[in-house]
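Shown next: data_5.cif, containing mmCIF, C-alpha atoms.
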```cif
data_my_file
loop_
_atom_site.label_atom_id
_atom_site.label_comp_id
_atom_site.auth_asym_id
_atom_site.auth_seq_id
_atom_site.Cartn_x
_atom_site.Cartn_y
_atom_site.Cartn_z
CA MET A 1 16.25 36.33 -5.79
CA PHE A 2 15.12 32.74 -5.26
CA ASN A 3 18.48 31.66 -3.92
CA PHE A 4 16.93 30.85 -0.55
CA LEU A 5 15.25 27.88 -2.20
CA ILE A 6 18.57 26.09 -2.81
CA ASN A 7 21.04 27.72 -0.40
CA PRO A 8 20.85 26.67 3.29
CA ASN A 9 22.37 29.89 4.68
CA LYS A 10 20.08 32.15 2.70
CA PHE A 11 17.17 29.89 3.61
CA ASN A 12 18.00 30.30 7.30
CA LYS A 13 18.11 34.09 6.99
CA PHE A 14 14.91 34.21 4.96
CA ALA A 15 13.15 31.88 7.40
CA ASP A 16 14.21 34.04 10.36
CA VAL A 17 12.71 37.09 8.68
CA ILE A 18 9.38 35.56 7.75
CA PHE A 19 8.86 33.23 10.69
CA LYS A 20 7.07 35.51 13.18
CA PRO A 21 4.79 37.20 10.63
CA LEU A 22 4.07 33.75 9.26
CA ILE A 23 2.85 32.53 12.66
CA VAL A 24 0.55 35.54 13.01
CA ILE A 25 -0.87 35.13 9.50
CA THR A 26 -1.32 31.39 10.04
CA SER A 27 -3.25 31.78 13.28
CA LEU A 28 -5.45 34.46 11.71
CA THR A 29 -6.12 32.25 8.68
CA ILE A 30 -6.97 29.26 10.86
CA ILE A 31 -9.39 31.32 12.96
CA VAL A 32 -11.05 32.88 9.91
CA GLY A 33 -11.18 29.51 8.17
CA LEU A 34 -12.76 27.75 11.14
CA LEU A 35 -15.30 30.57 11.48
CA LEU A 36 -16.15 30.31 7.78
CA VAL A 37 -16.48 26.54 8.13
CA TYR A 38 -18.81 27.07 11.11
CA LEU A 39 -20.93 29.53 9.14
CA SER A 40 -20.93 27.57 5.88
CA PRO A 41 -24.28 26.07 4.83
CA LEU A 42 -25.18 22.43 5.37
CA ASP A 43 -25.47 20.17 2.37
CA TYR A 44 -29.05 19.33 1.43
CA GLN A 45 -28.22 15.63 1.20
CA GLN A 46 -25.21 15.11 3.46
CA GLY A 47 -26.16 17.46 6.26
CA LEU A 48 -23.48 18.16 8.81
CA THR A 49 -20.99 15.57 7.51
CA VAL A 50 -20.17 17.77 4.54
CA LYS A 51 -17.93 19.75 6.86
CA ILE A 52 -15.43 16.86 6.86
CA MET A 53 -14.62 18.12 3.37
CA TYR A 54 -12.86 21.15 4.81
CA ILE A 55 -10.28 18.83 6.42
CA HIS A 56 -10.27 16.06 3.85
CA VAL A 57 -9.71 18.02 0.65
CA PRO A 58 -6.90 20.34 1.86
CA SER A 59 -4.96 17.47 3.40
CA ALA A 60 -5.30 15.44 0.20
CA TRP A 61 -4.08 18.36 -1.90
CA LEU A 62 -1.16 18.97 0.43
CA ALA A 63 -0.19 15.30 0.47
CA LEU A 64 0.12 15.48 -3.30
CA LEU A 65 1.82 18.88 -3.22
CA THR A 66 4.43 17.68 -0.73
CA TYR A 67 5.29 14.76 -2.97
CA ALA A 68 5.47 17.04 -6.01
CA ILE A 69 7.86 19.35 -4.16
CA MET A 70 10.01 16.36 -3.19
CA THR A 71 10.05 15.20 -6.81
CA ILE A 72 11.18 18.60 -8.07
CA TYR A 73 13.87 18.82 -5.41
CA SER A 74 15.06 15.29 -6.22
CA VAL A 75 15.50 16.24 -9.87
CA ILE A 76 17.40 19.38 -8.85
CA GLY A 77 19.49 17.48 -6.32
CA LEU A 78 20.44 14.68 -8.72
CA ALA A 79 21.17 17.05 -11.58
CA PHE A 80 23.04 19.86 -9.81
CA LYS A 81 24.22 18.00 -6.66
CA THR A 82 22.75 20.59 -4.30
CA PRO A 83 22.82 19.27 -0.72
CA PHE A 84 19.84 21.42 0.25
CA SER A 85 17.54 19.26 -1.90
CA PHE A 86 18.35 16.21 0.17
CA ILE A 87 17.78 18.18 3.37
CA ILE A 88 14.32 19.08 2.05
CA ASN A 89 13.60 15.47 1.07
CA LYS A 90 14.45 14.26 4.54
CA ALA A 91 12.62 17.07 6.32
CA ILE A 92 9.26 17.12 4.57
CA ALA A 93 8.63 13.41 3.97
CA PRO A 94 7.01 12.95 7.44
CA ILE A 95 4.82 16.01 6.83
CA GLY A 96 3.50 14.50 3.63
CA ALA A 97 2.94 11.20 5.41
CA VAL A 98 0.93 12.94 8.13
CA PHE A 99 -1.21 14.78 5.57
CA THR A 100 -1.84 11.47 3.77
CA ILE A 101 -2.86 9.78 7.03
CA LEU A 102 -5.14 12.74 7.81
CA CYS A 103 -6.70 12.47 4.37
CA LEU A 104 -7.28 8.72 4.69
CA LEU A 105 -8.68 8.97 8.22
CA SER A 106 -11.05 11.84 7.49
CA GLY A 107 -12.04 10.15 4.26
CA SER A 108 -12.97 6.93 6.00
CA MET A 109 -14.87 8.86 8.67
CA TRP A 110 -16.74 10.57 5.84
CA GLY A 111 -17.25 7.32 3.99
CA LYS A 112 -18.88 5.52 6.90
CA PRO A 113 -22.03 7.73 7.01
CA MET A 114 -22.15 8.45 3.26
CA TRP A 115 -21.12 5.23 1.53
CA GLY A 116 -21.88 2.94 4.48
CA THR A 117 -18.34 1.58 4.74
CA TRP A 118 -15.01 2.66 6.14
CA TRP A 119 -13.03 1.51 3.15
CA VAL A 120 -13.71 0.47 -0.43
CA TRP A 121 -11.13 -0.84 -2.86
CA ASP A 122 -11.63 1.79 -5.47
CA ALA A 123 -8.91 3.39 -7.54
CA ARG A 124 -8.66 6.74 -5.74
CA LEU A 125 -8.49 5.24 -2.24
CA THR A 126 -6.04 2.53 -3.23
CA SER A 127 -3.69 4.93 -4.98
CA VAL A 128 -3.67 7.28 -1.97
CA ALA A 129 -2.92 4.29 0.28
CA ILE A 130 -0.01 3.46 -2.03
CA LEU A 131 1.16 7.06 -1.65
CA LEU A 132 1.19 6.55 2.12
CA VAL A 133 3.26 3.37 1.71
CA ILE A 134 5.72 5.26 -0.51
CA TYR A 135 6.06 7.99 2.12
CA VAL A 136 6.65 5.37 4.83
CA ILE A 137 9.31 3.65 2.70
CA ILE A 138 11.04 7.00 2.20
CA ILE A 139 11.05 7.59 5.97
CA PHE A 140 12.42 4.07 6.55
CA LEU A 141 15.13 4.54 3.92
CA ASN A 142 16.30 7.56 5.91
CA TYR A 143 17.38 5.16 8.66
CA THR A 144 18.72 2.35 6.50
CA PHE A 145 22.07 3.01 4.82
CA GLU A 146 25.33 3.72 6.57
CA SER A 147 26.82 6.17 4.10
CA ARG A 148 24.98 9.49 3.90
CA GLU A 149 25.53 10.01 0.18
CA VAL A 150 24.08 6.60 -0.68
CA ARG A 151 21.09 7.26 1.57
CA GLU A 152 20.30 10.65 0.08
CA LYS A 153 20.67 9.67 -3.57
CA THR A 154 18.85 6.38 -3.12
CA ILE A 155 15.93 8.27 -1.63
CA ALA A 156 16.00 10.82 -4.45
CA ILE A 157 15.94 8.14 -7.15
CA PHE A 158 13.23 6.26 -5.28
CA ILE A 159 11.14 9.44 -5.09
CA LEU A 160 11.49 9.86 -8.85
CA ILE A 161 10.34 6.28 -9.46
CA GLY A 162 7.45 6.70 -7.02
CA SER A 163 6.26 9.88 -8.70
CA ILE A 164 4.55 7.66 -11.30
CA ASN A 165 1.83 7.42 -8.68
CA LEU A 166 0.99 11.15 -8.72
CA PRO A 167 -0.81 11.30 -12.10
CA ILE A 168 -2.48 7.99 -11.26
CA ILE A 169 -3.96 9.55 -8.11
CA LYS A 170 -4.96 12.69 -9.96
CA PHE A 171 -6.69 10.99 -12.87
CA SER A 172 -7.91 7.82 -11.11
CA VAL A 173 -11.41 9.25 -10.77
CA ASP A 174 -11.54 10.01 -14.50
CA TRP A 175 -9.98 6.79 -15.77
CA TRP A 176 -11.97 4.34 -13.68
CA ASN A 177 -15.55 4.20 -12.44
CA THR A 178 -15.00 4.98 -8.79
CA LEU A 179 -17.22 5.50 -5.79
CA HIS A 180 -15.14 8.57 -5.02
CA GLN A 181 -16.51 11.61 -6.82
CA PRO A 182 -14.48 13.30 -9.58
CA ALA A 183 -12.70 16.57 -8.93
CA SER A 184 -14.99 19.55 -8.35
CA ILE A 185 -12.48 22.37 -8.46
CA SER A 186 -9.35 21.60 -10.41
CA LYS A 187 -11.07 21.51 -13.78
CA LEU A 188 -10.28 24.20 -16.27
CA SER A 189 -13.95 25.11 -16.42
CA SER A 190 -15.76 26.89 -13.63
CA PRO A 191 -15.92 24.95 -10.33
CA SER A 192 -18.91 22.68 -9.75
CA ILE A 193 -19.07 23.65 -6.08
CA ASP A 194 -21.12 26.51 -4.72
CA ILE A 195 -19.27 29.72 -3.82
CA SER A 196 -20.50 29.55 -0.19
CA MET A 197 -18.64 26.24 0.20
CA LEU A 198 -15.72 27.16 -2.03
CA GLN A 199 -14.67 30.15 0.11
CA PRO A 200 -14.12 28.24 3.41
CA LEU A 201 -12.47 25.40 1.48
CA LEU A 202 -9.92 27.72 -0.09
CA VAL A 203 -9.25 29.54 3.20
CA MET A 204 -8.77 26.19 4.97
CA THR A 205 -6.40 25.10 2.19
CA VAL A 206 -4.31 28.21 2.69
CA ALA A 207 -4.34 27.63 6.48
CA PHE A 208 -3.28 23.99 6.07
CA SER A 209 -0.46 24.88 3.71
CA LEU A 210 0.76 27.61 6.08
CA VAL A 211 0.79 25.16 9.00
CA GLY A 212 2.68 22.70 6.82
CA LEU A 213 5.10 25.46 5.83
CA ILE A 214 5.80 26.38 9.48
CA ILE A 215 6.52 22.75 10.41
CA ALA A 216 8.65 22.37 7.29
CA ILE A 217 10.70 25.48 8.17
CA LEU A 218 11.30 24.17 11.69
CA ARG A 219 12.28 20.73 10.46
CA ILE A 220 14.56 22.06 7.71
CA LYS A 221 16.33 24.38 10.16
CA ALA A 222 16.83 21.50 12.61
CA GLU A 223 18.18 19.33 9.81
CA ILE A 224 20.64 22.05 8.72
CA LEU A 225 21.84 22.43 12.30
CA MET A 226 22.31 18.68 12.66
CA ARG A 227 24.41 18.49 9.51
CA LYS A 228 26.53 21.44 10.60
CA ASN A 229 27.31 19.63 13.85
CA TYR A 230 28.17 16.35 12.22
CA LEU A 231 30.38 17.74 9.47
CA MET B 1 35.20 -7.40 -30.27
CA THR B 2 31.88 -6.09 -31.49
CA LEU B 3 29.09 -5.13 -29.15
CA ILE B 4 26.87 -7.99 -30.29
CA LYS B 5 29.58 -10.51 -29.51
CA LYS B 6 30.02 -8.98 -26.06
CA ILE B 7 26.28 -9.20 -25.44
CA LEU B 8 26.21 -12.84 -26.55
CA LEU B 9 29.14 -13.64 -24.28
CA PHE B 10 27.36 -11.92 -21.38
CA LEU B 11 24.22 -13.98 -21.96
CA LYS B 12 26.33 -17.13 -22.24
CA ARG B 13 27.92 -16.36 -18.89
CA GLU B 14 24.48 -15.77 -17.37
CA SER B 15 23.23 -19.12 -18.67
CA LYS B 16 26.28 -20.91 -17.25
CA LEU B 17 25.71 -19.28 -13.88
CA PHE B 18 22.07 -20.27 -14.08
CA TYR B 19 22.81 -23.94 -14.77
CA SER B 20 25.33 -24.12 -11.97
CA ASN B 21 22.71 -22.71 -9.62
CA ILE B 22 19.65 -24.56 -10.84
CA VAL B 23 18.81 -26.01 -7.41
CA ASP B 24 18.01 -22.48 -6.23
CA LEU B 25 15.36 -22.14 -8.92
CA PHE B 26 13.87 -25.52 -8.06
CA SER B 27 13.70 -24.47 -4.43
CA ASN B 28 11.75 -21.38 -5.46
CA ILE B 29 9.29 -23.49 -7.43
CA LEU B 30 9.01 -25.85 -4.48
CA PHE B 31 8.24 -22.86 -2.26
CA PHE B 32 5.53 -21.84 -4.72
CA PHE B 33 3.86 -25.24 -4.60
CA LEU B 34 4.17 -25.59 -0.86
CA SER B 35 2.57 -22.19 -0.32
CA ILE B 36 -0.30 -23.28 -2.57
CA PHE B 37 -0.75 -26.30 -0.31
CA VAL B 38 -0.71 -24.07 2.76
CA PHE B 39 -3.34 -21.83 1.20
CA VAL B 40 -5.58 -24.73 0.29
CA PHE B 41 -5.28 -26.30 3.74
CA SER B 42 -6.06 -23.03 5.47
CA LEU B 43 -9.11 -22.33 3.27
CA GLY B 44 -10.53 -25.83 3.23
CA ALA B 45 -10.89 -27.97 0.13
CA ASP B 46 -14.10 -26.41 -1.17
CA GLN B 47 -13.92 -26.92 -4.96
CA GLU B 48 -16.20 -23.99 -5.86
CA LEU B 49 -14.45 -21.52 -3.58
CA LEU B 50 -11.03 -22.54 -4.82
CA ARG B 51 -12.10 -22.14 -8.43
CA THR B 52 -13.26 -18.56 -7.88
CA ILE B 53 -10.20 -17.36 -5.98
CA GLY B 54 -7.57 -19.62 -7.57
CA LEU B 55 -6.26 -17.11 -10.10
CA GLY B 56 -5.61 -14.41 -7.52
CA ILE B 57 -3.87 -16.86 -5.20
CA ILE B 58 -1.63 -18.18 -7.96
CA TRP B 59 -0.66 -14.66 -9.01
CA SER B 60 0.13 -13.42 -5.53
CA LEU B 61 2.14 -16.56 -4.69
CA LEU B 62 4.09 -16.24 -7.94
CA LEU B 63 4.87 -12.69 -6.90
CA LEU B 64 5.93 -13.69 -3.40
CA SER B 65 8.15 -16.52 -4.59
CA SER B 66 9.80 -14.27 -7.14
CA THR B 67 10.87 -11.96 -4.31
CA LEU B 68 12.66 -14.86 -2.59
CA SER B 69 15.85 -14.84 -4.64
CA LEU B 70 15.82 -11.09 -4.99
CA ARG B 71 19.12 -10.33 -3.32
CA LYS B 72 21.07 -12.59 -5.69
CA PHE B 73 20.21 -10.38 -8.66
CA TYR B 74 23.37 -8.22 -8.49
CA GLU B 75 24.97 -9.10 -5.16
CA ASP B 76 27.49 -11.73 -6.28
CA ASP B 77 28.64 -9.75 -9.31
CA PHE B 78 28.86 -6.62 -7.20
CA ASN B 79 30.86 -8.19 -4.40
CA ASN B 80 33.45 -9.99 -6.53
CA GLY B 81 33.88 -7.03 -8.88
CA VAL B 82 32.52 -8.61 -12.04
CA LEU B 83 30.25 -5.63 -12.68
CA THR B 84 33.24 -3.31 -12.88
CA ILE B 85 35.14 -5.71 -15.13
CA ILE B 86 32.23 -6.03 -17.55
CA HIS B 87 31.89 -2.27 -17.56
CA MET B 88 35.59 -1.91 -18.35
CA GLY B 89 35.00 -4.31 -21.24
CA GLY B 90 32.93 -1.61 -22.88
CA ILE B 91 29.35 -2.27 -21.87
CA SER B 92 27.58 0.60 -20.12
CA TYR B 93 25.86 -0.07 -16.81
CA GLU B 94 22.47 0.62 -18.39
CA LEU B 95 23.07 -2.11 -20.96
CA ILE B 96 24.31 -4.48 -18.25
CA VAL B 97 21.08 -3.89 -16.35
CA PHE B 98 18.99 -4.42 -19.47
CA LEU B 99 20.79 -7.70 -20.25
CA LYS B 100 20.45 -8.79 -16.63
CA ILE B 101 16.71 -8.14 -16.78
CA LEU B 102 16.42 -10.14 -20.00
CA SER B 103 18.42 -13.05 -18.62
CA HIS B 104 16.41 -12.99 -15.37
CA PHE B 105 13.25 -13.05 -17.47
CA PHE B 106 14.41 -16.02 -19.52
CA PHE B 107 16.22 -18.06 -16.91
CA VAL B 108 14.22 -17.43 -13.73
CA GLN B 109 10.71 -16.35 -14.65
CA MET B 110 10.14 -18.57 -17.68
CA PRO B 111 10.69 -21.84 -15.77
CA PHE B 112 7.82 -20.73 -13.55
CA LEU B 113 5.68 -20.78 -16.67
CA ALA B 114 5.96 -24.57 -16.75
CA SER B 115 4.65 -24.79 -13.21
CA ILE B 116 1.55 -22.65 -13.85
CA PRO B 117 -0.56 -25.31 -15.63
CA ILE B 118 0.19 -27.78 -12.83
CA ALA B 119 -0.70 -25.19 -10.21
CA SER B 120 -3.96 -24.38 -11.96
CA LEU B 121 -4.81 -28.09 -11.89
CA PHE B 122 -4.84 -27.91 -8.11
CA PHE B 123 -7.45 -25.15 -8.25
CA ASP B 124 -9.42 -26.75 -11.09
CA LEU B 125 -9.35 -23.54 -13.12
CA PRO B 126 -11.25 -23.38 -16.46
CA VAL B 127 -9.06 -23.71 -19.54
CA ASN B 128 -9.55 -20.17 -20.84
CA GLU B 129 -8.52 -18.76 -17.46
CA VAL B 130 -5.32 -20.80 -17.65
CA TYR B 131 -4.63 -19.38 -21.11
CA ASN B 132 -5.22 -15.87 -19.80
CA LEU B 133 -3.01 -16.55 -16.80
CA ILE B 134 -0.13 -17.78 -18.95
CA PHE B 135 -0.48 -14.88 -21.34
CA THR B 136 -0.57 -12.24 -18.61
CA PHE B 137 2.27 -13.94 -16.77
CA ILE B 138 4.53 -13.64 -19.81
CA ILE B 139 4.04 -9.85 -19.81
CA GLY B 140 3.78 -9.48 -16.03
CA SER B 141 6.95 -11.43 -15.31
CA LEU B 142 8.89 -9.03 -17.51
CA ILE B 143 7.63 -6.22 -15.29
CA LEU B 144 8.54 -8.29 -12.22
CA SER B 145 12.09 -8.72 -13.57
CA CYS B 146 12.39 -4.94 -13.98
CA LEU B 147 11.10 -4.38 -10.44
CA SER B 148 13.49 -7.00 -9.03
CA SER B 149 16.35 -5.24 -10.78
CA ILE B 150 15.35 -1.89 -9.27
CA SER B 151 14.97 -3.18 -5.74
CA ALA B 152 18.06 -5.42 -5.84
CA SER B 153 20.29 -2.60 -7.03
CA MET B 154 18.74 -0.24 -4.51
CA ASN B 155 19.71 -2.50 -1.62
CA LEU B 156 23.28 -3.37 -2.62
CA LEU B 157 24.76 -1.49 0.33
CA ASN B 158 21.84 -2.14 2.64
CA LYS B 159 23.25 -4.20 5.50
CA THR B 160 20.45 -3.83 8.02
CA ASN B 161 16.97 -3.58 6.55
CA PHE B 162 16.45 -6.65 4.36
CA ALA B 163 12.67 -6.52 4.08
CA ILE B 164 12.56 -3.21 2.26
CA GLY B 165 13.65 -4.80 -1.04
CA SER B 166 10.66 -7.13 -1.08
CA ILE B 167 8.41 -4.26 0.00
CA VAL B 168 9.48 -2.19 -3.01
CA VAL B 169 8.73 -5.05 -5.40
CA LEU B 170 5.34 -5.70 -3.82
CA LEU B 171 4.48 -2.00 -3.90
CA PHE B 172 5.13 -1.44 -7.58
CA SER B 173 3.63 -4.77 -8.62
CA ILE B 174 0.14 -3.73 -7.45
CA PRO B 175 -0.89 -2.45 -10.94
CA VAL B 176 0.40 -5.69 -12.47
CA ILE B 177 -1.77 -7.73 -10.13
CA ILE B 178 -4.81 -5.52 -10.72
CA PHE B 179 -4.68 -5.75 -14.49
CA SER B 180 -3.57 -9.39 -14.67
CA VAL B 181 -6.30 -10.73 -12.42
CA GLY B 182 -8.89 -8.36 -13.87
CA ILE B 183 -8.53 -10.08 -17.24
CA ASN B 184 -11.06 -12.72 -16.20
CA ASN B 185 -13.73 -10.18 -15.39
CA PRO B 186 -16.32 -10.71 -18.18
CA ASP B 187 -17.33 -7.02 -18.21
CA ILE B 188 -13.85 -5.81 -19.14
CA ASN B 189 -12.44 -5.69 -22.64
CA VAL B 190 -9.48 -8.08 -22.73
CA ASN B 191 -7.55 -6.19 -25.39
CA SER B 192 -7.51 -2.95 -23.42
CA LEU B 193 -6.16 -4.74 -20.34
CA ILE B 194 -3.41 -6.39 -22.36
CA ASN B 195 -2.54 -3.04 -23.90
CA LEU B 196 -2.35 -1.54 -20.43
CA LEU B 197 -0.08 -4.35 -19.24
CA ILE B 198 2.21 -3.92 -22.24
CA GLY B 199 2.24 -0.19 -21.54
CA ILE B 200 3.30 -0.74 -17.93
CA ALA B 201 5.97 -3.18 -19.11
CA LEU B 202 7.34 -0.59 -21.54
CA ILE B 203 7.34 2.12 -18.85
CA PHE B 204 9.32 -0.09 -16.48
CA LEU B 205 11.65 -1.27 -19.26
CA GLY B 206 12.40 2.40 -19.81
CA ILE B 207 12.77 3.36 -16.16
CA SER B 208 14.63 0.40 -14.68
CA PRO B 209 17.89 0.51 -16.71
CA TRP B 210 18.33 4.17 -15.82
CA SER B 211 17.48 3.86 -12.14
CA SER B 212 19.28 0.54 -11.56
CA ALA B 213 22.41 1.86 -13.26
CA ALA B 214 22.26 4.98 -11.09
CA PHE B 215 21.92 2.82 -7.95
CA ILE B 216 24.80 0.56 -9.05
CA LYS B 217 27.11 3.50 -9.80
CA LEU B 218 26.24 4.99 -6.43
CA ALA B 219 26.97 1.72 -4.65
CA LEU B 220 30.25 1.19 -6.53
CA ARG B 221 31.43 4.68 -5.58
CA ASN B 222 30.78 4.03 -1.89
CA LYS B 223 31.78 0.37 -1.75
#
```

How does this structure look as structure tokens?
Amino acid sequence: MFNFLINPNKFNKFADVIFKPLIVITSLTIIVGLLLVYLSPLDYQQGLTVKIMYIHVPSAWLALLTYAIMTIYSVIGLAFKTPFSFIINKAIAPIGAVFTILCLLSGSMWGKPMWGTWWVWDARLTSVAILLVIYVIIIFLNYTFESREVREKTIAIFILIGSINLPIIKFSVDWWNTLHQPASISKLSSPSIDISMLQPLLVMTVAFSLVGLIIAILRIKAEILMRKNYL
Amino acid sequence: MTLIKKILLFLKRESKLFYSNIVDLFSNILFFFLSIFVFVFSLGADQELLRTIGLGIIWSLLLLSSTLSLRKFYEDDFNNGVLTIIHMGGISYELIVFLKILSHFFFVQMPFLASIPIASLFFDLPVNEVYNLIFTFIIGSLILSCLSSISASMNLLNKTNFAIGSIVVLLFSIPVIIFSVGINNPDINVNSLINLLIGIALIFLGISPWSSAAFIKLALRNK
């Protein structure tokens, strides 16, 4: 049933089936999400700038999610030697990098009015910046080695080593005293954010992940085509 | 031949190689001192300023000079086939990597230890800071050896992009720098920082034999 997650041919077929409905759903979700963001209440302290959250938080989550997906696929690829894992690693690394850049940029635009500075050296910000560097190194490694096997496996092992950073990012706000606030939503208890702000946030998260999914499908299909031509 | 004898012979070979190549190490130490001079000249010889930032400068320059001889970690043994011969002698690649890390720690990083008190003289550091620096360097340099092993084995077949090896070492050494320099912050409990450093060292001692051996096997297959 889930063969399309490791088999390029089945992935192509599956992607062809879902692609057009996906575009429709994505545009609907974006429109609804933007409307909800427009209608969402202003914060009593932050005013209008609270709406940066609806960009900042989804892109941060997706930056982490992209890396987690790459980690899982690296494990699968190294253990079972599935070529599709390496296709995924090559295809979605730039997407994760873009989400990380988006998160950092929106965060610094949010930090300037709220904290009074574009950048502070606190644990959360630094660890996300390190995540960006790891993504950039992965992209560079894609253009470094001559032999394709060496390139792919080196990247996979490097991704596994770099995944140490993921729990550090997640728990940095709990382990250290940071200027960045701790997580409002991902606790096991009920969320510490009001429902009127939670709804647009979740819809925007879904919209962001669908956009990321569409770009990922396009990139993966292009990568499969390229490999078919070269082999 | 028992395993212990093989290990001793391996370390003996490493020490011989080290003594035949000792000028390289001295050049690294010279680089370290010269970069301290460059730093001091570019900042101006303000005694107070140098005392406050001296520890951070010494740590970052130690890090930079340890990335200088990075490519020599496995390259010679890999190119003339010694790695394969040692492996055929009955030592797994993971153990080879572990022994290499240990010998790098003893023969390359420990001589730097002798240069730290002299370097801290230039910055007029207080005595307890020098003690802390030496203590954290002993743990931190073990982590640096592990990182050098990872990045050197990663770039065995890399013929074009030489900078990426140093970038990898710098990237993963950020936690080392944070906790080693933070030891002089009076608000922070020293024991917890040292425990954290030892924890990072143990994590990398666990990761690096596996990953370096995987990189080496990969490179040997595609040589």

Report the closest atom pair, with its distance in Å rounded to one decimal, for each residue of chain B that has an atom no farther than 7 Å from chain A; count only C-alpha atoms, sort by chain and then rising residue number, and write it as JSON lines.
```
{"residue": "B:Met154", "atom": "CA", "partner": "A:Thr154", "partner_atom": "CA", "distance": 6.8}
{"residue": "B:Leu157", "atom": "CA", "partner": "A:Phe145", "partner_atom": "CA", "distance": 6.9}
{"residue": "B:Asn158", "atom": "CA", "partner": "A:Phe145", "partner_atom": "CA", "distance": 5.6}
{"residue": "B:Thr160", "atom": "CA", "partner": "A:Thr144", "partner_atom": "CA", "distance": 6.6}
{"residue": "B:Asn161", "atom": "CA", "partner": "A:Thr144", "partner_atom": "CA", "distance": 6.2}
{"residue": "B:Ser211", "atom": "CA", "partner": "A:Ile157", "partner_atom": "CA", "distance": 6.8}
{"residue": "B:Phe215", "atom": "CA", "partner": "A:Thr154", "partner_atom": "CA", "distance": 6.7}
{"residue": "B:Leu218", "atom": "CA", "partner": "A:Val150", "partner_atom": "CA", "distance": 6.3}
{"residue": "B:Ala219", "atom": "CA", "partner": "A:Val150", "partner_atom": "CA", "distance": 6.9}
```

Write out the residues from the selection above, keeping C-alpha atoms, as an mmCIF file, in the coordinates of the input.
```
data_model
loop_
_atom_site.group_PDB
_atom_site.id
_atom_site.type_symbol
_atom_site.label_atom_id
_atom_site.label_comp_id
_atom_site.auth_asym_id
_atom_site.auth_seq_id
_atom_site.Cartn_x
_atom_site.Cartn_y
_atom_site.Cartn_z
ATOM 1 C CA MET B 154 18.740 -0.240 -4.510
ATOM 2 C CA LEU B 157 24.760 -1.490 0.330
ATOM 3 C CA ASN B 158 21.840 -2.140 2.640
ATOM 4 C CA THR B 160 20.450 -3.830 8.020
ATOM 5 C CA ASN B 161 16.970 -3.580 6.550
ATOM 6 C CA SER B 211 17.480 3.860 -12.140
ATOM 7 C CA PHE B 215 21.920 2.820 -7.950
ATOM 8 C CA LEU B 218 26.240 4.990 -6.430
ATOM 9 C CA ALA B 219 26.970 1.720 -4.650
#
```

With all atoms listed in the file counted, which protein, DNA or RNA residues have an atom no more than 8 Å from (-1.8, -9.4, -14.7) in the file frame? Please answer as a compact mmCIF listing (two decimals) with C-alpha atoms, in the frame of the given file.
```txt
# COMPACT_ATOMS: atom_id res chain seq x y z
CA TRP B 59 -0.66 -14.66 -9.01
CA LEU B 133 -3.01 -16.55 -16.80
CA THR B 136 -0.57 -12.24 -18.61
CA PHE B 137 2.27 -13.94 -16.77
CA ILE B 139 4.04 -9.85 -19.81
CA GLY B 140 3.78 -9.48 -16.03
CA PRO B 175 -0.89 -2.45 -10.94
CA VAL B 176 0.40 -5.69 -12.47
CA ILE B 177 -1.77 -7.73 -10.13
CA ILE B 178 -4.81 -5.52 -10.72
CA PHE B 179 -4.68 -5.75 -14.49
CA SER B 180 -3.57 -9.39 -14.67
CA VAL B 181 -6.30 -10.73 -12.42
CA GLY B 182 -8.89 -8.36 -13.87
CA ILE B 183 -8.53 -10.08 -17.24
CA LEU B 197 -0.08 -4.35 -19.24
```

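Residues matched by the PyMOL selection byres ((chain B and resi 199) around 12) in this structure: Ile139, Gly140, Leu142, Ile143, Pro175, Val176, Phe179, Ser192, Leu193, Ile194, Asn195, Leu196, Leu197, Ile198, Ile200, Ala201, Leu202, Ile203, Phe204, Leu205 and Gly206 of chain B.
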
Exercise for the section: Within 8 Å of segment 168-172 of chain B, counting all atoms listed in the file, which residues show up once you throw out same-chain ones fewer than 5 positions away? Write them as a ChimeraX atom specification, please. Expected result: /A:130,133 /B:63,67,144,147-148,151

Practice task
Any chance you could resolve the PyMOL selection byres ((chain A and resi 197) around 9) against this file and give the residues as a ChimeraX atom specification?
Solution key: /A:36-37,40-41,54,193-196,198-202
